[in-house]
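What follows is one structure encoded as structure tokens, with my remarks underneath.
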Amino acid sequence: MSNAALAEVRRERTAVPVLNEDWLAVVLGLFIFVLALAALVHVDLIGWVVTTSVWIDLGQALGTASKSYAALGGLGALVATYVALLAVLSAGAAALGTDVKRFALAFTAVFWIAYASWVVGNFANFAAVTPAEQQKFGISWSLKLTNEGAYIFALIAGLIIANFLPRFAEAIKDAVRPELYIKIAIVILGGFFAVTAAGRLNLAGSLVLRGIAAIVEAYLIYWAVVYYVARKWFGFSREWSAPLASGISICGVSAAIAIGGAIRARPVVPVLVSSLVVVFAVVEVLILPFVAQSFLSHEPLVAAAWMGLAVKTDGAAVAAGGITESLILAKNAAEGVHYQPGWILGTAATVKVFIDIFIGIWAFVLGYIWTNHINATADRDKARFAEIWQRFPKFIIGFVITFAIGLYLALGTPADIAKNVPAAIGEANTFRVIFFILTFFSIGVLSNFKALWREGFGKLAAVYLVSLFGFVIWVGLLISWLFFGGITPPLAS
Amino acid sequence: MSQSDSELRDELRDLPVEPLLPIEKKLIGYSLSIGLVLLVVLAVVNHLFPASF
């Protein structure tokens with residue numbers, strides 16, 4: 001919903017949208033998930049999707065997700081993946097009312113640059129972690145960024161385009177949709193996390209209880225403090241302070257726009273706030289996962305919850321969870337501790353999804369206060385209960401559906417079907433990785449630091465700096481420690 | 001948006017003073033109070049029902 005709202009302000013629409021971005025993410029995420037499930041009845045429909053391994057010889061970098069399609073070769077898999085995503089996402093662009101031809105051209109550039117960056121990031125000197133891996137590739141040093149650390153390369157490629165090639169960034173803007181890509185990824189992630197959680201339902205249930213603490217923290221603690229700081233210390237008006245507090249404390253893009261609408265702020269206010277949040281989210285993604293690896297490698301779920309609480313915007317938070325998982329698992333593996341993958345990413349995503357669930361309710365509460373007590377308006381303009389549903393981030397429904405189906409398949413089906421579930425959902429998860437890559441690249445392209453300063457954002461940025469680095473990050477860490485401290489993911493079998 | 005860049009810059013530089021209204025003070029106060037109480041309750045629940053495998 002967030003980028004769709006941004007787009008309403010920024011983009012020229014050529015047709016009436018059939019779906020909004022949230023519903024489109026649900027449809028596309030479920031589509032990929034259902035195709036993957038065909039493998040349960042031994043029909044491999046998406047095994048051709050491309051995967052990338054850490055490489056020293058470029059010819060060995062790419063491959064197919066399933067051996068059934070190995071004959072396709074790495075390059076063939078990459079082309080097949082591009083063609084499939086181009087077709088599906090172009091149909092999605094048509095449903096959003098975007099010019100399909102412009103989208104297709106822009107997506108072509110986005111896909112190839114983003115994936116090329118990902119492949120570069122998987123070069124052994126960047127990604128190899130253990131001494132055994134270094135020996136295998138015949139290298140004497142490595143940055144040890146891990147396989148998923150390559151997301152950073154996609155982000156940097158986007159940042160270079162945004163800040164040094166602004167005309168090119170403008171030319172590809174139709175396919176620069178980080179919120180759409182991450183929401184599709186989150187829908188797919190629901191199934192993946194279900195399979196991960198199936199073996200440890202008690203632990204998964206504990207995470208849900210702790211997700212409630214995240215909601216309390218974001219809405220009742222963060223929001224109130226940031227709003228006070230913006231109003232009292234920096235002298236911002238109510239119209240600026242409410243979206244700013246929502247962006248910094250809840251979700252940088254979705255909440256800022258939902259709350260902006262609820263309090264009847266001018267559209268430009270939440271849009272500028274969102275632009276600011278995206279830039280700071282980039283800074284956080286580049287720093288926090290590495291801080292977490294250094295100081296929280298023995299508290300993996302504290303690190304995970306911290307990413308979900310401290311990094312704003314869905315894309316950046318979940319993506320930061322992905323990088324954190326990769327870095328922390330690698331560090332623990334080097335010490336001989338092998339945690340089961342999926343828990344850190346799943347916890348970060350769960351915390352963020354829990355926070356997102358209440359955006360609609362919080363928007364209604366603030367809308368009610370604003371339209372009845374602060375800017376009392378005519379009855380027809382007052383906040384309505386229906387707005388709770390209107391502002392609810394619908395992609396969460398997709399996450400819940402794939403989680404429920406994944407859990408049922410893993411626990412409620414006969415053993416001969418259940419044993420194939422991880423592999424089937426693993427193929428869908430390969431698409432999730434690709435949508436993460438597109439998300440990172442897109443976030444980078446949207447982060448034009450120069451444009452922000454040109455627009456006179458200094459004071460807004462100051463509120464963000466004070467709130468984020470003076471409060472949000474540390475309170476997030478404290479709460480994460482309080483509720484997730486001492487809980488570790490299961491060991492890999 | 002470019003049309004309004006300079007206006008926005010001016011607006012952000014010269015924001016009019018809007019004192020905190022009583023309803024805003026209530027919103028901030030109630031939010032923090034309820035939030036802190038809930039966090040304490042959740043911390044107790046967390047202590048009584050620790051995560052288990």
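Simple scheme: letters A, B, ... for chains in structure tokens order, numbers from 1 for residues in each chain, numbers from 1 for ligands in the order shown.
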Residue list for chain A near chain B as an MDAnalysis selection string, 7 Å, only C-alpha atoms: chainID A and resid 200 202:203 206 213 216:217 220:221 224 235:237 455:456 483 487
Long-range neighbours of Gly149 of chain A as a list of chain:residue names, 9 Å cut-off, only C-alpha atoms, 6 positions minimum in chain: A:Trp118, A:Gly121, A:Asn122, A:Phe126, A:Ala127, A:Gly322, A:Ile323, A:Thr324, A:Ser326, A:Leu327
Picked from segment 87-237 of chain A by DSSP as alpha helix (DSSP H), as a PyMOL selection string: chain A and resi 87-96+100-121+124-127+131-137+151-164+166-171+178-198+201-216+223-228
Just to be explicit: take each residue in the selection above, keep C-alpha atoms, and write the result as an mmCIF file, in the first residue's frame.
```cif
data_model
loop_
_atom_site.group_PDB
_atom_site.id
_atom_site.type_symbol
_atom_site.label_atom_id
_atom_site.label_comp_id
_atom_site.auth_asym_id
_atom_site.auth_seq_id
_atom_site.Cartn_x
_atom_site.Cartn_y
_atom_site.Cartn_z
ATOM 1 C CA ALA A 87 5.675 -11.828 -17.721
ATOM 2 C CA VAL A 88 4.157 -12.144 -14.258
ATOM 3 C CA LEU A 89 5.168 -8.703 -13.016
ATOM 4 C CA SER A 90 4.121 -7.037 -16.279
ATOM 5 C CA ALA A 91 0.672 -8.541 -15.769
ATOM 6 C CA GLY A 92 0.847 -7.174 -12.249
ATOM 7 C CA ALA A 93 1.842 -3.751 -13.574
ATOM 8 C CA ALA A 94 -1.187 -3.832 -15.862
ATOM 9 C CA ALA A 95 -3.378 -4.619 -12.850
ATOM 10 C CA LEU A 96 -1.858 -1.632 -11.042
ATOM 11 C CA VAL A 100 3.154 -2.123 -19.240
ATOM 12 C CA LYS A 101 5.694 -1.309 -21.943
ATOM 13 C CA ARG A 102 7.467 1.229 -19.761
ATOM 14 C CA PHE A 103 7.368 -1.171 -16.840
ATOM 15 C CA ALA A 104 8.790 -4.034 -18.903
ATOM 16 C CA LEU A 105 11.711 -1.920 -20.127
ATOM 17 C CA ALA A 106 12.398 -0.590 -16.653
ATOM 18 C CA PHE A 107 12.105 -4.035 -15.071
ATOM 19 C CA THR A 108 14.586 -5.441 -17.565
ATOM 20 C CA ALA A 109 17.180 -2.930 -16.369
ATOM 21 C CA VAL A 110 16.276 -3.444 -12.710
ATOM 22 C CA PHE A 111 16.453 -7.234 -12.903
ATOM 23 C CA TRP A 112 19.747 -7.523 -14.760
ATOM 24 C CA ILE A 113 21.596 -4.864 -12.772
ATOM 25 C CA ALA A 114 20.271 -6.152 -9.465
ATOM 26 C CA TYR A 115 21.055 -9.786 -10.247
ATOM 27 C CA ALA A 116 24.487 -8.920 -11.653
ATOM 28 C CA SER A 117 25.248 -7.125 -8.376
ATOM 29 C CA TRP A 118 24.102 -10.205 -6.460
ATOM 30 C CA VAL A 119 26.395 -12.443 -8.529
ATOM 31 C CA VAL A 120 29.338 -10.095 -7.920
ATOM 32 C CA GLY A 121 28.572 -10.169 -4.201
ATOM 33 C CA ALA A 124 34.442 -16.004 -3.106
ATOM 34 C CA ASN A 125 36.701 -13.186 -1.905
ATOM 35 C CA PHE A 126 33.614 -11.352 -0.727
ATOM 36 C CA ALA A 127 31.371 -14.183 0.433
ATOM 37 C CA PRO A 131 38.658 -21.479 6.332
ATOM 38 C CA ALA A 132 37.382 -24.654 4.656
ATOM 39 C CA GLU A 133 35.531 -22.575 2.072
ATOM 40 C CA GLN A 134 38.603 -20.407 1.467
ATOM 41 C CA GLN A 135 40.661 -23.533 0.979
ATOM 42 C CA LYS A 136 38.050 -24.958 -1.382
ATOM 43 C CA PHE A 137 38.219 -21.837 -3.549
ATOM 44 C CA TYR A 151 22.290 -8.040 -0.919
ATOM 45 C CA ILE A 152 24.517 -5.146 0.121
ATOM 46 C CA PHE A 153 26.012 -5.147 -3.389
ATOM 47 C CA ALA A 154 22.547 -4.777 -4.913
ATOM 48 C CA LEU A 155 21.847 -1.936 -2.479
ATOM 49 C CA ILE A 156 25.101 -0.174 -3.367
ATOM 50 C CA ALA A 157 24.388 -0.565 -7.092
ATOM 51 C CA GLY A 158 21.049 1.148 -6.507
ATOM 52 C CA LEU A 159 22.670 3.893 -4.432
ATOM 53 C CA ILE A 160 25.206 4.579 -7.183
ATOM 54 C CA ILE A 161 22.418 4.911 -9.741
ATOM 55 C CA ALA A 162 20.319 7.146 -7.467
ATOM 56 C CA ASN A 163 23.132 9.501 -6.595
ATOM 57 C CA PHE A 164 25.317 9.546 -9.710
ATOM 58 C CA PRO A 166 19.684 10.413 -11.573
ATOM 59 C CA ARG A 167 18.351 10.444 -15.136
ATOM 60 C CA PHE A 168 18.740 6.689 -15.384
ATOM 61 C CA ALA A 169 17.083 6.326 -11.986
ATOM 62 C CA GLU A 170 14.180 8.363 -13.297
ATOM 63 C CA ALA A 171 14.005 6.237 -16.455
ATOM 64 C CA PRO A 178 10.678 -2.017 -3.112
ATOM 65 C CA GLU A 179 7.424 -2.289 -1.172
ATOM 66 C CA LEU A 180 5.807 -4.494 -3.824
ATOM 67 C CA TYR A 181 8.839 -6.772 -4.047
ATOM 68 C CA ILE A 182 9.225 -7.163 -0.281
ATOM 69 C CA LYS A 183 5.520 -7.821 0.204
ATOM 70 C CA ILE A 184 5.608 -10.629 -2.378
ATOM 71 C CA ALA A 185 8.685 -11.950 -0.570
ATOM 72 C CA ILE A 186 6.915 -11.774 2.800
ATOM 73 C CA VAL A 187 3.927 -13.719 1.443
ATOM 74 C CA ILE A 188 6.294 -16.457 0.248
ATOM 75 C CA LEU A 189 8.228 -16.241 3.507
ATOM 76 C CA GLY A 190 5.089 -17.232 5.449
ATOM 77 C CA GLY A 191 5.273 -20.755 4.020
ATOM 78 C CA PHE A 192 9.017 -21.005 4.517
ATOM 79 C CA PHE A 193 8.746 -19.886 8.129
ATOM 80 C CA ALA A 194 5.919 -22.373 8.734
ATOM 81 C CA VAL A 195 8.127 -25.254 7.658
ATOM 82 C CA THR A 196 10.901 -23.917 9.879
ATOM 83 C CA ALA A 197 8.522 -23.483 12.816
ATOM 84 C CA ALA A 198 6.778 -26.832 12.363
ATOM 85 C CA LEU A 201 5.933 -25.174 17.605
ATOM 86 C CA ASN A 202 6.470 -24.218 21.246
ATOM 87 C CA LEU A 203 9.271 -21.878 20.298
ATOM 88 C CA ALA A 204 7.226 -20.424 17.442
ATOM 89 C CA GLY A 205 4.331 -19.842 19.850
ATOM 90 C CA SER A 206 6.690 -18.077 22.241
ATOM 91 C CA LEU A 207 7.743 -15.753 19.443
ATOM 92 C CA VAL A 208 4.132 -14.781 18.840
ATOM 93 C CA LEU A 209 3.691 -13.820 22.507
ATOM 94 C CA ARG A 210 6.810 -11.708 22.275
ATOM 95 C CA GLY A 211 5.555 -10.078 19.089
ATOM 96 C CA ILE A 212 2.916 -8.388 21.208
ATOM 97 C CA ALA A 213 5.674 -6.613 23.128
ATOM 98 C CA ALA A 214 6.894 -5.223 19.820
ATOM 99 C CA ILE A 215 3.459 -3.761 19.109
ATOM 100 C CA VAL A 216 3.326 -2.075 22.506
ATOM 101 C CA TRP A 223 5.283 6.959 18.856
ATOM 102 C CA ALA A 224 4.576 9.031 21.944
ATOM 103 C CA VAL A 225 8.231 9.908 22.515
ATOM 104 C CA VAL A 226 8.995 10.761 18.878
ATOM 105 C CA TYR A 227 5.830 12.831 18.574
ATOM 106 C CA TYR A 228 6.810 14.751 21.711
#
```
Straight-line distance linking atom CA of Leu309 of chain A with atom CA of Phe484 of chain A, stated in Å to one decimal: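 Computed distance, atom CA of Leu309 of chain A to atom CA of Phe484 of chain A, equals 12.4 Å.
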Atom pair atom CA of Leu491 of chain A / atom CA of Glu299 of chain A: separation (Å): 13.5 Å
Two-atom distance - atom CA of Thr313 of chain A, atom CA of Tyr219 of chain A (Å): 14.9 Å
Close residues, Trp240 of chain A itself excluded, 9 Å, only C-alpha atoms, min 4 positions apart in chain, as a JSON list (two decimals) with C-alpha atoms, in the first residue's frame:
```json
[["chain", "number", "residue", "atom", "x", "y", "z"],
["A", 230, "ALA", "CA", 9.10, 16.53, 17.06],
["A", 231, "ARG", "CA", 6.52, 18.86, 18.59],
["A", 236, "PHE", "CA", 7.07, 20.84, 14.11],
["A", 244, "LEU", "CA", 6.98, 11.76, 11.18],
["A", 245, "ALA", "CA", 6.42, 9.96, 14.50],
["A", 260, "GLY", "CA", -0.99, 11.16, 7.09],
["A", 265, "ALA", "CA", -2.46, 15.89, 6.18],
["A", 269, "VAL", "CA", 3.87, 15.51, 4.00],
["A", 270, "PRO", "CA", 3.90, 11.69, 4.34],
["A", 273, "VAL", "CA", 8.64, 11.69, 5.46]]
```
